[in-house]
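Peer 1: Pasting a structure here, questions to come.
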Amino acid sequence: MHRRLFLSTAAASAALAAPGKVKVAFLGIGHSHFSGKYKAALDNSDYEIAGIADDDPARNAAGRKDPRLAGAKWMTEAELLKDPSIQLVVVECAAWEAIPLGKKVIAAGKHLHLEKPPGNEWAPFKALVEDARKKGLIIQTGYLWRWHKAVVDAIAAAKQGWLGEVFMVKADMSADRDQGQRDVEAKYKGGGLFELSGHVIDRVIEILGRPKTVKSWLRHDTSVKDKLADNNVAVFEYDKALAVITQSAKKAGAGDLRSLEINGTEGTIVLHPEANPIGMRVFMKKANGPYKAGWQTATVPPQPRFVEDFKELAQAILQKKPLKHSYDHELLLHETLLRASGELPQ
């Protein structure tokens with residue numbers, strides 16, 4: 001079923017929401033993005049928050065004491081899924097919970113925003129996406145750079161041809177993890193790369209598409225006494241381009257050093273850092289688009305997270321506007337992440 005037709009199965013529940021609003025509920029509060037996404041929905045007048053469910057006793061107890069959630073309606077998972085008025089469910093969970101919870105949401109006939117990374121398996125994720133496609137339901141995954149204005153502008157320059165032939169993309173999505181988060185990431189073969197690099201892989205395939213080959217070095221190089229792959233490189237090969245993705249779990253100052261670089265025969269764009277504040281430098285051999293010849297620094301406003309994601313979701317449900325990223329893009333992204341993480345053949 002084409003994405004433009006996805007509302008057909010949700011029309012009945014839409015009629016039960018407040019006029020002109022999307023009735024949304026949150027399933028799980030365990031992901032670090034939860035509070036930001038809850039606020040994004042709370043601040044958007046297109047949404048009516050139906051409630052929150054998390055059947056994990058410890059998380060539920062902590063959530064009920066959280067002042068940011070004051071006034072929220074708490075419900076059980078079963079109550080949330082059975083409520084016919086809820087159109088959209090935002091699943092905020094650990095990676096190993098993503099597919100089981102996502103399947104329940106789609107089975108209940110509700111649109112789905114699924115936190116990243118959505119599990120470390122290919123076949124179950126593919127089945128989830130195809131089930132949503134068949135039923136005409138939205139799936140949007142929670143990767144952070146999709147609406148980052150500097151990233152969007154950089155990719156637009158590449159796609160418009162202003163950079164000439166793009167032959168190299170480089171990106172870094174490192175962190176400086178405490179032991180608790182290291183233990184979480186150590187559950188997976190791809191370690192920190194699996195946990196974080198989907199953000200940049202998402203943007204690489206937007207520019208270059210599916211890589212012909214993927215080669216990864218997933219290493220444990222620090223003195224921390226665990227088995228986390230904490231110093232990682234993935235190289236994507238294309239017919240006439242390469243993409244190099246680096247990711248470390250013990251990089252000092254990492255949060256302010258994440259980067260994206262797009263190199264072409266006629267121009268180069270460097271985002272470094274991508275936040276706090278955003279640094280965007282552009283070099284053009286000759287003036288093209290909004291850019292002059294030579295080096296220049298672009299001014300980019302602060303980028304509040306999640307606001308545009310929820311704006312897009314509301315437009316998709318209320319106005320039947322297709323999402324920017326299709327079912328096929330979500331599939332390609334997950335396949336490529338799993339190839340880079342050593343979960344699928346290279």
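Residues in the structure tokens are numbered from 1 in each chain, the chains being A, B, ... in the order shown, and ligands are numbered from 1 in the order shown.
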Applying 7 Å and only C-alpha atoms, which residues near Ala234 of chain A remain after dropping the ones on its own chain fewer than 4 positions away? List them as a list in words.

Peer 2: Val214, Lys215, Ser216, Trp217, Val244, Ile245, Thr246 and Ala340 of chain A

Peer 1: Segment 103-188 of chain A near segment 282-304 of chain A within 12 Å: what's each residue's closest atom pair and its distance in Å to one decimal, counting only C-alpha atoms, ordered by chain then ascending residue number, as JSON lines?

Peer 2:
```
{"residue": "A:Leu144", "atom": "CA", "partner": "A:Pro304", "partner_atom": "CA", "distance": 10.3}
{"residue": "A:Trp145", "atom": "CA", "partner": "A:Gln303", "partner_atom": "CA", "distance": 9.9}
{"residue": "A:Arg146", "atom": "CA", "partner": "A:Gln303", "partner_atom": "CA", "distance": 11.4}
{"residue": "A:Trp147", "atom": "CA", "partner": "A:Gln303", "partner_atom": "CA", "distance": 8.6}
{"residue": "A:His148", "atom": "CA", "partner": "A:Gln303", "partner_atom": "CA", "distance": 6.3}
{"residue": "A:Lys149", "atom": "CA", "partner": "A:Gln303", "partner_atom": "CA", "distance": 7.2}
{"residue": "A:Ala150", "atom": "CA", "partner": "A:Val300", "partner_atom": "CA", "distance": 6.4}
{"residue": "A:Val151", "atom": "CA", "partner": "A:Val300", "partner_atom": "CA", "distance": 10.2}
{"residue": "A:Val152", "atom": "CA", "partner": "A:Val300", "partner_atom": "CA", "distance": 11.2}
{"residue": "A:Asp153", "atom": "CA", "partner": "A:Val300", "partner_atom": "CA", "distance": 9.9}
{"residue": "A:Ala154", "atom": "CA", "partner": "A:Val282", "partner_atom": "CA", "distance": 9.0}
{"residue": "A:Ala156", "atom": "CA", "partner": "A:Gly289", "partner_atom": "CA", "distance": 10.1}
{"residue": "A:Ala157", "atom": "CA", "partner": "A:Gly289", "partner_atom": "CA", "distance": 7.8}
{"residue": "A:Ala158", "atom": "CA", "partner": "A:Gly289", "partner_atom": "CA", "distance": 11.0}
{"residue": "A:Lys159", "atom": "CA", "partner": "A:Gly289", "partner_atom": "CA", "distance": 11.7}
{"residue": "A:Gln160", "atom": "CA", "partner": "A:Gly289", "partner_atom": "CA", "distance": 8.5}
{"residue": "A:Gly161", "atom": "CA", "partner": "A:Asn288", "partner_atom": "CA", "distance": 9.1}
{"residue": "A:Trp162", "atom": "CA", "partner": "A:Asn288", "partner_atom": "CA", "distance": 5.8}
{"residue": "A:Leu163", "atom": "CA", "partner": "A:Met284", "partner_atom": "CA", "distance": 7.3}
{"residue": "A:Gly164", "atom": "CA", "partner": "A:Met284", "partner_atom": "CA", "distance": 9.6}
```

Peer 1: Need the shell around Asn60 of chain A: protein/DNA/RNA residues with any atom at most 9 Å away, counting only C-alpha atoms. Skip same-chain ones fewer than 5 positions apart. Format as a JSON list (two decimals) with C-alpha atoms, in the first residue's frame?

Peer 2:
```json
[["chain", "number", "residue", "atom", "x", "y", "z"],
["A", 28, "GLY", "CA", 7.99, 2.86, 27.66],
["A", 29, "ILE", "CA", 10.02, 5.61, 29.31],
["A", 53, "ALA", "CA", 2.52, 3.17, 29.95],
["A", 54, "ASP", "CA", 5.56, 1.33, 31.25],
["A", 55, "ASP", "CA", 4.93, -2.00, 32.92],
["A", 65, "LYS", "CA", 7.74, 10.75, 40.71],
["A", 74, "TRP", "CA", -0.64, 6.49, 33.62]]
```

Peer 1: Point out the residue among A:Leu332, A:Leu193, A:Val224, A:Cys93 with the least atom-to-atom distance to Ala175 of chain A, counting only C-alpha atoms.

Peer 2: A:Leu193

Peer 1: From a DSSP calculation on the backbone, collect every residue of segment 14-203 of chain A in alpha helix (DSSP H) and output the set as a VMD selection string.

Peer 2: chain A and resid 14 34 to 42 57 to 65 77 to 82 95 to 107 123 to 135 149 to 159 179 to 185 191 to 196 198 to 203

Peer 1: Write the residues of the selection above to a file with C-alpha atoms, as a PDB file, in the first residue's frame.

Peer 2:
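Result went into again_12.pdb, see below:
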```
ATOM      1  CA  ALA A  14      -9.020   9.369  14.326  1.00  0.00           C
ATOM      2  CA  PHE A  34      11.887   9.962  26.216  1.00  0.00           C
ATOM      3  CA  SER A  35      11.676  13.213  28.155  1.00  0.00           C
ATOM      4  CA  GLY A  36      12.580  15.316  25.115  1.00  0.00           C
ATOM      5  CA  LYS A  37       9.984  13.627  22.958  1.00  0.00           C
ATOM      6  CA  TYR A  38       7.322  13.878  25.615  1.00  0.00           C
ATOM      7  CA  LYS A  39       8.008  17.612  25.816  1.00  0.00           C
ATOM      8  CA  ALA A  40       7.942  17.939  22.015  1.00  0.00           C
ATOM      9  CA  ALA A  41       4.469  16.401  21.907  1.00  0.00           C
ATOM     10  CA  LEU A  42       3.314  18.393  24.937  1.00  0.00           C
ATOM     11  CA  PRO A  57       7.933  -1.670  38.052  1.00  0.00           C
ATOM     12  CA  ALA A  58      11.109   0.338  38.653  1.00  0.00           C
ATOM     13  CA  ARG A  59      10.671   2.608  35.633  1.00  0.00           C
ATOM     14  CA  ASN A  60       6.983   3.055  36.383  1.00  0.00           C
ATOM     15  CA  ALA A  61       7.684   4.102  39.970  1.00  0.00           C
ATOM     16  CA  ALA A  62      10.425   6.510  38.897  1.00  0.00           C
ATOM     17  CA  GLY A  63       8.238   8.020  36.178  1.00  0.00           C
ATOM     18  CA  ARG A  64       5.364   8.711  38.523  1.00  0.00           C
ATOM     19  CA  LYS A  65       7.740  10.751  40.711  1.00  0.00           C
ATOM     20  CA  GLU A  77       0.411  -1.449  28.278  1.00  0.00           C
ATOM     21  CA  ALA A  78      -2.767  -3.444  27.649  1.00  0.00           C
ATOM     22  CA  GLU A  79      -4.972  -0.412  28.296  1.00  0.00           C
ATOM     23  CA  LEU A  80      -2.917   1.714  25.926  1.00  0.00           C
ATOM     24  CA  LEU A  81      -3.017  -0.806  23.101  1.00  0.00           C
ATOM     25  CA  LYS A  82      -6.758  -1.434  23.474  1.00  0.00           C
ATOM     26  CA  ALA A  95      17.010  -1.823  21.728  1.00  0.00           C
ATOM     27  CA  TRP A  96      16.007  -5.356  22.720  1.00  0.00           C
ATOM     28  CA  GLU A  97      12.454  -4.204  23.479  1.00  0.00           C
ATOM     29  CA  ALA A  98      11.915  -2.324  20.225  1.00  0.00           C
ATOM     30  CA  ILE A  99      10.653  -5.043  17.895  1.00  0.00           C
ATOM     31  CA  PRO A 100       8.377  -6.819  20.430  1.00  0.00           C
ATOM     32  CA  LEU A 101       6.731  -3.531  21.434  1.00  0.00           C
ATOM     33  CA  GLY A 102       6.631  -2.228  17.866  1.00  0.00           C
ATOM     34  CA  LYS A 103       4.840  -5.397  16.721  1.00  0.00           C
ATOM     35  CA  LYS A 104       2.175  -4.896  19.371  1.00  0.00           C
ATOM     36  CA  VAL A 105       1.575  -1.318  18.244  1.00  0.00           C
ATOM     37  CA  ILE A 106       1.192  -2.229  14.578  1.00  0.00           C
ATOM     38  CA  ALA A 107      -0.997  -5.221  15.477  1.00  0.00           C
ATOM     39  CA  ALA A 123      14.182 -10.416   9.628  1.00  0.00           C
ATOM     40  CA  PRO A 124      11.946  -9.249  12.521  1.00  0.00           C
ATOM     41  CA  PHE A 125      12.451  -5.576  11.641  1.00  0.00           C
ATOM     42  CA  LYS A 126      11.735  -6.242   7.968  1.00  0.00           C
ATOM     43  CA  ALA A 127       8.561  -8.122   8.937  1.00  0.00           C
ATOM     44  CA  LEU A 128       7.485  -5.215  11.158  1.00  0.00           C
ATOM     45  CA  VAL A 129       7.964  -2.643   8.394  1.00  0.00           C
ATOM     46  CA  GLU A 130       6.201  -4.782   5.797  1.00  0.00           C
ATOM     47  CA  ASP A 131       3.270  -5.357   8.148  1.00  0.00           C
ATOM     48  CA  ALA A 132       2.980  -1.591   8.668  1.00  0.00           C
ATOM     49  CA  ARG A 133       3.209  -1.007   4.914  1.00  0.00           C
ATOM     50  CA  LYS A 134       0.481  -3.584   4.261  1.00  0.00           C
ATOM     51  CA  LYS A 135      -1.811  -1.963   6.830  1.00  0.00           C
ATOM     52  CA  LYS A 149      19.152  22.134   9.609  1.00  0.00           C
ATOM     53  CA  ALA A 150      22.895  22.173   8.982  1.00  0.00           C
ATOM     54  CA  VAL A 151      22.830  18.491   8.005  1.00  0.00           C
ATOM     55  CA  VAL A 152      19.775  19.051   5.803  1.00  0.00           C
ATOM     56  CA  ASP A 153      21.504  21.988   4.095  1.00  0.00           C
ATOM     57  CA  ALA A 154      24.702  19.991   3.560  1.00  0.00           C
ATOM     58  CA  ILE A 155      22.835  17.080   1.987  1.00  0.00           C
ATOM     59  CA  ALA A 156      20.826  19.477  -0.188  1.00  0.00           C
ATOM     60  CA  ALA A 157      24.086  20.966  -1.495  1.00  0.00           C
ATOM     61  CA  ALA A 158      25.307  17.485  -2.397  1.00  0.00           C
ATOM     62  CA  LYS A 159      22.059  16.512  -4.099  1.00  0.00           C
ATOM     63  CA  GLN A 179      30.053   1.899  32.932  1.00  0.00           C
ATOM     64  CA  GLY A 180      26.287   1.479  33.057  1.00  0.00           C
ATOM     65  CA  GLN A 181      25.874   2.486  29.429  1.00  0.00           C
ATOM     66  CA  ARG A 182      28.942   0.480  28.408  1.00  0.00           C
ATOM     67  CA  ASP A 183      27.273  -2.595  29.883  1.00  0.00           C
ATOM     68  CA  VAL A 184      24.170  -1.931  27.774  1.00  0.00           C
ATOM     69  CA  GLU A 185      26.136  -1.481  24.559  1.00  0.00           C
ATOM     70  CA  GLY A 191      28.925  -2.187  20.584  1.00  0.00           C
ATOM     71  CA  GLY A 192      28.983   1.599  20.486  1.00  0.00           C
ATOM     72  CA  LEU A 193      28.779   1.666  16.698  1.00  0.00           C
ATOM     73  CA  PHE A 194      25.486  -0.240  16.798  1.00  0.00           C
ATOM     74  CA  GLU A 195      24.092   2.044  19.499  1.00  0.00           C
ATOM     75  CA  LEU A 196      25.002   5.426  18.000  1.00  0.00           C
ATOM     76  CA  GLY A 198      22.739   4.757  12.927  1.00  0.00           C
ATOM     77  CA  HIS A 199      22.355   8.537  13.220  1.00  0.00           C
ATOM     78  CA  VAL A 200      25.114   9.126  10.686  1.00  0.00           C
ATOM     79  CA  ILE A 201      24.541   6.004   8.583  1.00  0.00           C
ATOM     80  CA  ASP A 202      21.015   7.340   8.059  1.00  0.00           C
ATOM     81  CA  ARG A 203      22.502  10.477   6.471  1.00  0.00           C
TER      82      ARG A 203
END
```

Peer 1: Atom CA of Ser85 of chain A and atom CA of Lys321 of chain A are how many Å apart?

Peer 2: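 Atom-to-atom, atom CA of Ser85 of chain A to atom CA of Lys321 of chain A, that is 20.7 Å.
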
Peer 1: Just the residues within 12 Å of Leu313 of chain A, please, counting only C-alpha atoms, with nothing from its chain fewer than 3 positions along; format it as a PyMOL selection string.

Peer 2: chain A and resi 21-24+40-41+44+46-47+87-90+111-113+137-142+306-310+316-325

Peer 1: Which one is closest to Asn263 of chain A: A:Pro211, A:Val233, A:Ala243, A:Leu337? Count only C-alpha atoms.

Peer 2: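 Distance minimum relative to Asn263 of chain A lands on A:Ala243.
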
Peer 1: Atom CA of Arg210 of chain A and atom CA of Thr265 of chain A, how far apart in Å?

Peer 2: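 Rounded to one decimal, the two atoms are 21.3 Å apart.
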
Peer 1: Atom CA of Glu165 of chain A and atom CA of Glu266 of chain A, how far apart in Å?

Peer 2: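 Computing it gives 7.3 Å between the two atoms.
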
Peer 1: Considering only C-alpha atoms, return as number ranges by chain whatever protein or nucleic-acid residues lie within 6 Å of Gln247 of chain A, sequence-local ones (same chain, fewer than 6 positions apart) excluded.

Peer 2: A: 172-174, 193, 232

Peer 1: For His220 of chain A, list every protein, DNA or RNA residue within 7 Å, evaluated using only C-alpha atoms, and leave out those in the same chain fewer than 4 positions away; present the list as a PyMOL selection string.

Peer 2: chain A and resi 227-231

Peer 1: Suppose we keep N, CA and C atoms; can you now write the selection as a PDB file, in the first residue's frame?

Peer 2:
```pdb
ATOM      1  N   LYS A 227      33.916  -6.126  27.595  1.00  0.00           N
ATOM      2  CA  LYS A 227      34.083  -6.631  26.234  1.00  0.00           C
ATOM      3  C   LYS A 227      33.426  -5.731  25.199  1.00  0.00           C
ATOM      4  N   LEU A 228      33.176  -4.484  25.559  1.00  0.00           N
ATOM      5  CA  LEU A 228      32.529  -3.562  24.633  1.00  0.00           C
ATOM      6  C   LEU A 228      33.428  -3.234  23.441  1.00  0.00           C
ATOM      7  N   ALA A 229      32.868  -3.308  22.249  1.00  0.00           N
ATOM      8  CA  ALA A 229      33.550  -2.778  21.062  1.00  0.00           C
ATOM      9  C   ALA A 229      33.507  -1.256  21.175  1.00  0.00           C
ATOM     10  N   ASP A 230      34.617  -0.677  21.639  1.00  0.00           N
ATOM     11  CA  ASP A 230      34.599   0.738  22.029  1.00  0.00           C
ATOM     12  C   ASP A 230      35.479   1.624  21.149  1.00  0.00           C
ATOM     13  N   ASN A 231      36.015   1.082  20.061  1.00  0.00           N
ATOM     14  CA  ASN A 231      36.847   1.864  19.156  1.00  0.00           C
ATOM     15  C   ASN A 231      36.637   1.294  17.758  1.00  0.00           C
TER      16      ASN A 231
END
```

Peer 1: In terms of the shortest atom-to-atom distance over only C-alpha atoms, which of A:Asp239, A:Gly342, A:Lys73, A:Lys170 is closest to Ser259 of chain A?

Peer 2: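 Smallest separation from Ser259 of chain A among the options: A:Lys170.
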
Peer 1: Would you please extract all strand (DSSP E or B) residues from segment 32-136 of chain A, as assigned by DSSP on the backbone, and give them as a PyMOL selection string?

Peer 2: chain A and resi 47-53+74+88-91+111-114

Peer 1: So which one's closest to Glu115 of chain A, A:Ser197, A:Ser45, A:Ser32, A:Thr76? Using only C-alpha atoms, please.

Peer 2: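 Result for the nearest residue to Glu115 of chain A: A:Ser32.
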